[in-house]
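Colleague: Can you keep this structure in mind? I'll have questions shortly.
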Amino acid sequence: MEQVSQAPGSTPAPRRRRSVRVLGATLLTGLLLGGAVPYVTGTGDTYLSYLVLDERTDAQGAEHAGDQARAVGGKVVQDYPQIGAVLAYAGPRFAEKLRGRPGIAAVGATRTVPVPSPPRPLAGAAFDTGTGTAAARPGALPLGDAERTAARGTAGTGGGAGAAVETVEGADDSTATVPDPGEQSDWNLAMIGALDRPAGRGAALLRPPVADRAGPTSADRAGALPTAQQLSKVTVAVLDSGVDDTHPDLRAAVDPAASASCADGRPDSRSGAWRPDDAINESGHGTHVAGIVGAARDGHGVTGVAPGVRIAAVRLLGPLGQYYTENIVCGMLWAADHGARAINDSYFADPWKYNCPEDADQAALAAAVGRAVAYAQRKGAVVVASAGNDGQDLNAGRTDQRSPNDRTTGPPDDRQLGTECIRLPGELPGVVTVTAVDRNGLPAGYSNYGRGKVSIAAPGGDPDGGTQGAIVSDWPGGRYAALAGTSMSAAHVTGAVAVVAAQHPDWSPDRIAAALALAADQGCTTTLPLGCQDRDFYGAGLLTLPTG
């Protein structure tokens with residue numbers, strides 16, 4: 001998750017942060033008893049998961065890739081006919097046997113630690129939306145952000161300073177929840193022009209009140225922005241750890257017909273499959289993100305950027321605490337086939353924080369997610385991603401001391417990377433990649449940046465700022481939490497995409513992104529006293545909701 005920390009509060013609740021796990025008999029038995037692992041007892045062999053990409057990017061390509069995978073002993077568990085690929089499980093030499101076969105474009109292991117068997121059969125694992133398969137339809141031819149920086153907090157008063165951020169690899173930590181904010185912890189909405197009043201409880205408002213500004217009035221705001229009824233015609237997808245659709249702020253927003261789990265790379269649309277799994281750390285992250293996007297405006301809790309929007313909740317977080325590439329591909333395709341106009345991606349792909357083209361496995365993973373993102377864009381979705389919380393210049397060489405992050409023993413690799421190594425999906429073509437600012441509109445120290453690598457800046461909050469400096473949003477069980485990170489900033493942009501799509505249903509993804517960029521550039525002068533001086537960080541500028 002692209003989440004840095006939480007503000008202090010009263011009630012501890014689990015938050016996702018993977019601990020170092022041992023995939024032996026003890027772990028497997030314990031998780032099976034909890035119903036969390038979709039694997040069955042194997043034959044004594046071990047398996048890795050692989051994405052196999054055909055040279056053809058259509059259903060025939062997927063069929064050929066599957067045939068070739070089976071020919072060398074692979075067990076195909078999911079077809080991706082939209083992009084000419086399949087997910088297969090096999091032994092460690094599978095890719096070596098398959099690469100170079102006629103028609104095969106790429107093969108990549110999606111994990112580094114084997115499992116005892118392929119996942120158990122799943123009834124109805126398909127991309128059928130009720131109008132035929134995606135391949136058959138015309139035009140048919142992926143922690144916060146799983147940012148793996150966890151923060152451990154200490155309790156305090158709602159308005160006090162938050163706990164210092166402690167970045168720890170593999171810690172068991174919790175998120176402190178906060179009292180119902182009553183739609184008053186909203187400096188972030190005021191910053192982007194989504195309110196017609198100053199932010200609550202004495203929070204500073206950078207932009208002048210709406211009535212003092214020239215031009216059209218703002219949000220609730222005399223019809224300048226779309227109504228809840230207009231927004232209800234727009235679907236946005238939250239690809240994350242799952243969304244609690246029983247939360248009062250979200251129960252009317254989440255669309256069960258467009259929601260699913262892709263937690264093992266297969267679409268599972270059974271009722272409630274999209275909800276977070278409490279057995280997995282940081283499972284509340286997706287609910288927090290969804291609240292920023294579209295929580296109802298009802299006088300309680302929080303309000304989203306686009307209250308009234310329909311949310312397709314797509315759970316990616318798998319039972320072993322990973323956002324594997326097949327989960328992303330599955331989620332991206334599902335969202336695209338269910339009409340999402342925006343797809344929020346507040347995570348990075350496991351197990352490699354950055355995927356490098358010189359590594360055959362990582363190159364295949366980047367190609368697979370790239371195909372899924374391009375498919376979603378062709379289907380009309382703006383793909384939004386968090387920039388990441390490492391405070392790194394994405395245009396410079398960097399060190400990766402976290403990957404592979406699904407290892408069970410030993411230290412991570414100490415990788416010295418060049419700019420050719422990319423985060424998925426944030427550095428793929430056409431993705432709107434979002435940096436984070438604090439409540440003063442200044443760059444957040446944790447946020448990645450880089451001219452040409454990031455698109456726009458949005459409120460992400462201060463991990464040390466308490467509930468008045470972080471982003472307060474929904475948390476599973478009808479609760480609320482204050483978090484900070486580029487996960488939160490990406491969610492604001494996703495909500496803004498919904499606003500523009502409601503105003504202009506016929507606009508293409510490129511045109512929507514261009515409108516946001518233009519408004520963000522104007523926001524640099526209307527919102528920030530000194531403007532957006534560092535375009536390496538702000539990109540087009542500071543997110544501001546267009547009003548027409």
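Going by the structure tokens order, chains are called A, B, ..., each with residues numbered from 1, while ligands are numbered from 1 in the order shown.
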From a DSSP pass on the backbone, collect the residues of stretch 311-451 of chain A flagged as alpha helix (DSSP H) and hand them back as a PyMOL selection string.
Modeller: chain A and resi 325-337+360-378
Colleague: Can I get the residues of stretch 222-335 of chain A within 12 Å of stretch 350-354 of chain A, each with the closest pair of atoms and their distance in Å to one decimal, using only C-alpha atoms, sorted chain first then ascending number, as a tab-separated table?
Modeller:
residue	atom	partner	partner_atom	distance
A:Leu316	CA	A:Asp350	CA	11.2
A:Leu317	CA	A:Asp350	CA	10.3
A:Gly318	CA	A:Asp350	CA	10.7
A:Leu320	CA	A:Asp350	CA	11.2
A:Gly321	CA	A:Asp350	CA	9.6
A:Gln322	CA	A:Asp350	CA	6.1
A:Tyr323	CA	A:Asp350	CA	5.3
A:Tyr324	CA	A:Asp350	CA	5.0
A:Thr325	CA	A:Asp350	CA	6.7
A:Glu326	CA	A:Asp350	CA	10.0
A:Asn327	CA	A:Asp350	CA	9.9
A:Ile328	CA	A:Asp350	CA	9.8
Colleague: DSSP says strand (DSSP E or B) for which residues of stretch 382-476 of chain A? Put them as number ranges by chain?
Modeller: A: 382-386, 393, 398-400, 415-417, 422, 432-437, 443, 449, 456-459, 471-475
Colleague: Those selected residues, please, written with N, CA, C and O atoms and delivered as a compact mmCIF listing (two decimals), in the first residue's frame.
Modeller:
# COMPACT_ATOMS: atom_id res chain seq x y z
N VAL A 382 -9.50 5.87 -17.02
CA VAL A 382 -8.29 6.58 -16.62
C VAL A 382 -7.65 5.75 -15.50
O VAL A 382 -8.27 5.51 -14.47
N VAL A 383 -6.43 5.29 -15.71
CA VAL A 383 -5.74 4.49 -14.71
C VAL A 383 -4.90 5.43 -13.85
O VAL A 383 -4.04 6.16 -14.34
N VAL A 384 -5.19 5.42 -12.54
CA VAL A 384 -4.55 6.33 -11.58
C VAL A 384 -3.70 5.49 -10.64
O VAL A 384 -4.14 4.44 -10.15
N ALA A 385 -2.47 5.94 -10.35
CA ALA A 385 -1.58 5.18 -9.46
C ALA A 385 -0.84 6.12 -8.53
O ALA A 385 -0.58 7.28 -8.85
N SER A 386 -0.53 5.61 -7.36
CA SER A 386 0.28 6.36 -6.40
C SER A 386 1.75 6.34 -6.82
O SER A 386 2.22 5.37 -7.41
N ASP A 393 13.81 10.02 -6.29
CA ASP A 393 13.70 10.63 -7.62
C ASP A 393 13.63 9.50 -8.63
O ASP A 393 14.59 8.75 -8.80
N ARG A 398 18.74 4.33 -8.11
CA ARG A 398 18.26 4.19 -6.74
C ARG A 398 18.61 2.82 -6.21
O ARG A 398 19.00 1.92 -6.96
N THR A 399 18.48 2.69 -4.91
CA THR A 399 18.74 1.41 -4.25
C THR A 399 17.41 0.79 -3.84
O THR A 399 16.54 1.46 -3.31
N ASP A 400 17.29 -0.50 -4.11
CA ASP A 400 16.13 -1.26 -3.67
C ASP A 400 16.62 -2.33 -2.70
O ASP A 400 17.26 -3.29 -3.10
N ARG A 415 19.84 -4.17 -4.43
CA ARG A 415 19.84 -3.92 -5.86
C ARG A 415 20.12 -2.45 -6.14
O ARG A 415 19.45 -1.56 -5.62
N GLN A 416 21.11 -2.20 -6.96
CA GLN A 416 21.40 -0.86 -7.45
C GLN A 416 20.74 -0.73 -8.81
O GLN A 416 21.12 -1.42 -9.76
N LEU A 417 19.75 0.14 -8.91
CA LEU A 417 18.89 0.17 -10.09
C LEU A 417 19.08 1.45 -10.89
O LEU A 417 19.34 2.51 -10.34
N ILE A 422 11.21 -0.07 -13.36
CA ILE A 422 10.01 0.73 -13.15
C ILE A 422 9.09 0.13 -12.08
O ILE A 422 9.06 -1.07 -11.86
N VAL A 432 -1.89 8.00 -14.81
CA VAL A 432 -1.83 9.25 -14.06
C VAL A 432 -1.23 8.93 -12.70
O VAL A 432 -1.86 8.30 -11.85
N THR A 433 0.02 9.35 -12.49
CA THR A 433 0.78 8.99 -11.29
C THR A 433 0.82 10.19 -10.35
O THR A 433 1.16 11.31 -10.76
N VAL A 434 0.50 9.96 -9.08
CA VAL A 434 0.17 11.05 -8.16
C VAL A 434 1.16 11.14 -7.01
O VAL A 434 1.43 10.14 -6.33
N THR A 435 1.68 12.33 -6.79
CA THR A 435 2.52 12.62 -5.62
C THR A 435 1.65 13.18 -4.50
O THR A 435 0.47 13.49 -4.70
N ALA A 436 2.25 13.33 -3.32
CA ALA A 436 1.49 13.76 -2.14
C ALA A 436 1.98 15.10 -1.61
O ALA A 436 3.19 15.36 -1.56
N VAL A 437 1.02 15.93 -1.18
CA VAL A 437 1.33 17.18 -0.48
C VAL A 437 0.71 17.15 0.90
O VAL A 437 -0.25 16.41 1.16
N PRO A 443 5.35 19.75 -0.76
CA PRO A 443 5.67 18.35 -1.04
C PRO A 443 5.88 17.54 0.23
O PRO A 443 6.60 17.96 1.15
N TYR A 449 9.05 11.27 -6.66
CA TYR A 449 8.86 12.39 -7.57
C TYR A 449 9.69 12.14 -8.82
O TYR A 449 10.41 11.15 -8.92
N ILE A 456 0.66 14.60 -11.34
CA ILE A 456 -0.10 15.60 -10.62
C ILE A 456 0.11 15.38 -9.12
O ILE A 456 0.44 14.27 -8.69
N ALA A 457 -0.06 16.43 -8.33
CA ALA A 457 0.04 16.33 -6.88
C ALA A 457 -1.34 16.47 -6.25
O ALA A 457 -2.21 17.17 -6.79
N ALA A 458 -1.53 15.81 -5.11
CA ALA A 458 -2.83 15.86 -4.42
C ALA A 458 -2.61 15.65 -2.93
O ALA A 458 -1.54 15.18 -2.51
N PRO A 459 -3.61 15.96 -2.11
CA PRO A 459 -3.43 15.81 -0.66
C PRO A 459 -3.11 14.37 -0.26
O PRO A 459 -3.84 13.43 -0.59
N ILE A 471 -5.01 12.26 6.53
CA ILE A 471 -6.27 12.16 5.81
C ILE A 471 -7.19 11.21 6.58
O ILE A 471 -6.89 10.02 6.74
N VAL A 472 -8.29 11.75 7.06
CA VAL A 472 -9.26 10.94 7.80
C VAL A 472 -10.24 10.33 6.81
O VAL A 472 -10.83 11.04 5.98
N SER A 473 -10.42 9.01 6.89
CA SER A 473 -11.37 8.34 6.01
C SER A 473 -11.88 7.08 6.70
O SER A 473 -11.59 6.82 7.86
N ASP A 474 -12.63 6.30 5.95
CA ASP A 474 -13.32 5.15 6.51
C ASP A 474 -12.38 4.01 6.84
O ASP A 474 -11.30 3.86 6.24
N TRP A 475 -12.81 3.19 7.79
CA TRP A 475 -12.05 2.00 8.22
C TRP A 475 -13.07 0.89 8.47
O TRP A 475 -14.20 1.17 8.87
Colleague: Write out as a PDB file with all heavy atoms, in the first residue's frame each polymer residue whose atoms come within 8 Å of stretch 64-75 of chain A, counting only C-alpha atoms; drop sequence neighbours fewer than 6 positions from it.
Modeller:
ATOM      1  N   VAL A  52       2.136 -16.272 -18.754  1.00  0.00           N
ATOM      2  CA  VAL A  52       2.603 -16.651 -20.089  1.00  0.00           C
ATOM      3  C   VAL A  52       1.908 -15.751 -21.091  1.00  0.00           C
ATOM      4  O   VAL A  52       0.669 -15.737 -21.180  1.00  0.00           O
ATOM      5  CB  VAL A  52       2.288 -18.125 -20.391  1.00  0.00           C
ATOM      6  CG1 VAL A  52       2.836 -18.509 -21.765  1.00  0.00           C
ATOM      7  CG2 VAL A  52       2.853 -19.037 -19.304  1.00  0.00           C
ATOM      8  N   LEU A  53       2.688 -14.972 -21.832  1.00  0.00           N
ATOM      9  CA  LEU A  53       2.142 -14.017 -22.798  1.00  0.00           C
ATOM     10  C   LEU A  53       2.405 -14.509 -24.215  1.00  0.00           C
ATOM     11  O   LEU A  53       3.539 -14.821 -24.575  1.00  0.00           O
ATOM     12  CB  LEU A  53       2.774 -12.635 -22.625  1.00  0.00           C
ATOM     13  CG  LEU A  53       2.253 -11.748 -21.495  1.00  0.00           C
ATOM     14  CD1 LEU A  53       2.571 -12.344 -20.126  1.00  0.00           C
ATOM     15  CD2 LEU A  53       2.844 -10.348 -21.616  1.00  0.00           C
ATOM     16  N   ASP A  54       1.347 -14.581 -24.990  1.00  0.00           N
ATOM     17  CA  ASP A  54       1.483 -14.932 -26.393  1.00  0.00           C
ATOM     18  C   ASP A  54       1.824 -13.690 -27.200  1.00  0.00           C
ATOM     19  O   ASP A  54       1.644 -12.558 -26.740  1.00  0.00           O
ATOM     20  CB  ASP A  54       0.173 -15.531 -26.898  1.00  0.00           C
ATOM     21  CG  ASP A  54       0.353 -16.337 -28.167  1.00  0.00           C
ATOM     22  OD1 ASP A  54       0.861 -17.477 -28.080  1.00  0.00           O
ATOM     23  OD2 ASP A  54      -0.013 -15.830 -29.251  1.00  0.00           O
ATOM     24  N   GLY A  84      -4.307 -11.909 -24.350  1.00  0.00           N
ATOM     25  CA  GLY A  84      -3.511 -12.995 -24.914  1.00  0.00           C
ATOM     26  C   GLY A  84      -2.549 -13.619 -23.926  1.00  0.00           C
ATOM     27  O   GLY A  84      -1.386 -13.860 -24.257  1.00  0.00           O
ATOM     28  N   ALA A  85      -3.014 -13.912 -22.717  1.00  0.00           N
ATOM     29  CA  ALA A  85      -2.130 -14.427 -21.678  1.00  0.00           C
ATOM     30  C   ALA A  85      -2.869 -15.448 -20.824  1.00  0.00           C
ATOM     31  O   ALA A  85      -4.103 -15.524 -20.828  1.00  0.00           O
ATOM     32  CB  ALA A  85      -1.624 -13.290 -20.802  1.00  0.00           C
ATOM     33  N   VAL A  86      -2.094 -16.248 -20.080  1.00  0.00           N
ATOM     34  CA  VAL A  86      -2.667 -17.192 -19.123  1.00  0.00           C
ATOM     35  C   VAL A  86      -1.825 -17.180 -17.858  1.00  0.00           C
ATOM     36  O   VAL A  86      -0.653 -16.782 -17.855  1.00  0.00           O
ATOM     37  CB  VAL A  86      -2.722 -18.638 -19.677  1.00  0.00           C
ATOM     38  CG1 VAL A  86      -3.604 -18.719 -20.911  1.00  0.00           C
ATOM     39  CG2 VAL A  86      -1.331 -19.188 -19.951  1.00  0.00           C
ATOM     40  N   ALA A  88      -0.357 -19.808 -15.135  1.00  0.00           N
ATOM     41  CA  ALA A  88      -0.071 -21.233 -15.001  1.00  0.00           C
ATOM     42  C   ALA A  88       0.785 -21.470 -13.769  1.00  0.00           C
ATOM     43  O   ALA A  88       1.558 -20.600 -13.343  1.00  0.00           O
ATOM     44  CB  ALA A  88       0.637 -21.761 -16.246  1.00  0.00           C
ATOM     45  N   TYR A  89       0.668 -22.657 -13.205  1.00  0.00           N
ATOM     46  CA  TYR A  89       1.504 -23.098 -12.087  1.00  0.00           C
ATOM     47  C   TYR A  89       2.363 -24.266 -12.563  1.00  0.00           C
ATOM     48  O   TYR A  89       1.883 -25.166 -13.278  1.00  0.00           O
ATOM     49  CB  TYR A  89       0.646 -23.541 -10.900  1.00  0.00           C
ATOM     50  CG  TYR A  89       0.169 -22.394 -10.046  1.00  0.00           C
ATOM     51  CD1 TYR A  89      -0.794 -21.503 -10.515  1.00  0.00           C
ATOM     52  CD2 TYR A  89       0.683 -22.189  -8.772  1.00  0.00           C
ATOM     53  CE1 TYR A  89      -1.224 -20.449  -9.733  1.00  0.00           C
ATOM     54  CE2 TYR A  89       0.260 -21.131  -7.980  1.00  0.00           C
ATOM     55  CZ  TYR A  89      -0.693 -20.264  -8.474  1.00  0.00           C
ATOM     56  OH  TYR A  89      -1.117 -19.205  -7.698  1.00  0.00           O
ATOM     57  N   ALA A  90       3.636 -24.232 -12.183  1.00  0.00           N
ATOM     58  CA  ALA A  90       4.562 -25.266 -12.624  1.00  0.00           C
ATOM     59  C   ALA A  90       5.808 -25.226 -11.757  1.00  0.00           C
ATOM     60  O   ALA A  90       5.941 -24.376 -10.865  1.00  0.00           O
ATOM     61  CB  ALA A  90       4.926 -25.073 -14.099  1.00  0.00           C
ATOM     62  N   GLY A  91       6.728 -26.135 -12.056  1.00  0.00           N
ATOM     63  CA  GLY A  91       7.985 -26.193 -11.328  1.00  0.00           C
ATOM     64  C   GLY A  91       8.933 -25.082 -11.733  1.00  0.00           C
ATOM     65  O   GLY A  91       8.645 -24.271 -12.630  1.00  0.00           O
ATOM     66  N   PHE A  94      10.015 -24.186 -15.555  1.00  0.00           N
ATOM     67  CA  PHE A  94       8.934 -24.014 -16.519  1.00  0.00           C
ATOM     68  C   PHE A  94       9.235 -22.904 -17.526  1.00  0.00           C
ATOM     69  O   PHE A  94       9.094 -23.089 -18.739  1.00  0.00           O
ATOM     70  CB  PHE A  94       7.642 -23.720 -15.761  1.00  0.00           C
ATOM     71  CG  PHE A  94       6.465 -23.374 -16.624  1.00  0.00           C
ATOM     72  CD1 PHE A  94       5.770 -24.350 -17.305  1.00  0.00           C
ATOM     73  CD2 PHE A  94       6.018 -22.053 -16.731  1.00  0.00           C
ATOM     74  CE1 PHE A  94       4.661 -24.045 -18.089  1.00  0.00           C
ATOM     75  CE2 PHE A  94       4.921 -21.732 -17.502  1.00  0.00           C
ATOM     76  CZ  PHE A  94       4.239 -22.721 -18.185  1.00  0.00           C
ATOM     77  N   LYS A  97      11.813 -23.767 -20.135  1.00  0.00           N
ATOM     78  CA  LYS A  97      11.321 -24.680 -21.164  1.00  0.00           C
ATOM     79  C   LYS A  97      10.428 -23.982 -22.178  1.00  0.00           C
ATOM     80  O   LYS A  97      10.390 -24.358 -23.350  1.00  0.00           O
ATOM     81  CB  LYS A  97      10.528 -25.818 -20.509  1.00  0.00           C
ATOM     82  CG  LYS A  97      11.333 -26.721 -19.597  1.00  0.00           C
ATOM     83  CD  LYS A  97      10.406 -27.736 -18.927  1.00  0.00           C
ATOM     84  CE  LYS A  97      11.149 -28.613 -17.936  1.00  0.00           C
ATOM     85  NZ  LYS A  97      10.226 -29.546 -17.234  1.00  0.00           N
ATOM     86  N   LEU A  98       9.699 -22.982 -21.721  1.00  0.00           N
ATOM     87  CA  LEU A  98       8.680 -22.362 -22.565  1.00  0.00           C
ATOM     88  C   LEU A  98       9.188 -21.188 -23.383  1.00  0.00           C
ATOM     89  O   LEU A  98       8.709 -20.956 -24.504  1.00  0.00           O
ATOM     90  CB  LEU A  98       7.513 -21.913 -21.679  1.00  0.00           C
ATOM     91  CG  LEU A  98       6.192 -21.554 -22.348  1.00  0.00           C
ATOM     92  CD1 LEU A  98       5.717 -22.646 -23.281  1.00  0.00           C
ATOM     93  CD2 LEU A  98       5.138 -21.266 -21.273  1.00  0.00           C
ATOM     94  N   ARG A 101       9.622 -20.759 -27.512  1.00  0.00           N
ATOM     95  CA  ARG A 101       8.688 -21.544 -28.315  1.00  0.00           C
ATOM     96  C   ARG A 101       7.962 -20.609 -29.285  1.00  0.00           C
ATOM     97  O   ARG A 101       7.695 -19.455 -28.969  1.00  0.00           O
ATOM     98  CB  ARG A 101       7.677 -22.254 -27.417  1.00  0.00           C
ATOM     99  CG  ARG A 101       8.250 -23.492 -26.733  1.00  0.00           C
ATOM    100  CD  ARG A 101       7.131 -24.423 -26.296  1.00  0.00           C
ATOM    101  NE  ARG A 101       7.655 -25.755 -26.029  1.00  0.00           N
ATOM    102  CZ  ARG A 101       6.981 -26.876 -26.250  1.00  0.00           C
ATOM    103  NH1 ARG A 101       5.756 -26.826 -26.750  1.00  0.00           N
ATOM    104  NH2 ARG A 101       7.517 -28.044 -25.976  1.00  0.00           N
ATOM    105  N   GLY A 103       5.569 -18.313 -31.092  1.00  0.00           N
ATOM    106  CA  GLY A 103       4.377 -17.584 -30.688  1.00  0.00           C
ATOM    107  C   GLY A 103       4.363 -17.107 -29.248  1.00  0.00           C
ATOM    108  O   GLY A 103       3.476 -16.337 -28.870  1.00  0.00           O
ATOM    109  N   ILE A 104       5.336 -17.527 -28.441  1.00  0.00           N
ATOM    110  CA  ILE A 104       5.373 -17.105 -27.044  1.00  0.00           C
ATOM    111  C   ILE A 104       6.208 -15.832 -26.938  1.00  0.00           C
ATOM    112  O   ILE A 104       7.391 -15.810 -27.296  1.00  0.00           O
ATOM    113  CB  ILE A 104       5.949 -18.204 -26.141  1.00  0.00           C
ATOM    114  CG1 ILE A 104       5.048 -19.435 -26.172  1.00  0.00           C
ATOM    115  CG2 ILE A 104       6.100 -17.699 -24.709  1.00  0.00           C
ATOM    116  CD1 ILE A 104       3.624 -19.190 -25.700  1.00  0.00           C
ATOM    117  N   PRO A 118      -1.149 -25.707  -7.055  1.00  0.00           N
ATOM    118  CA  PRO A 118      -1.955 -24.629  -7.635  1.00  0.00           C
ATOM    119  C   PRO A 118      -3.170 -24.363  -6.754  1.00  0.00           C
ATOM    120  O   PRO A 118      -3.532 -25.175  -5.907  1.00  0.00           O
ATOM    121  CB  PRO A 118      -2.371 -25.202  -8.996  1.00  0.00           C
ATOM    122  CG  PRO A 118      -1.406 -26.290  -9.275  1.00  0.00           C
ATOM    123  CD  PRO A 118      -1.042 -26.871  -7.941  1.00  0.00           C
TER     124      PRO A 118
END
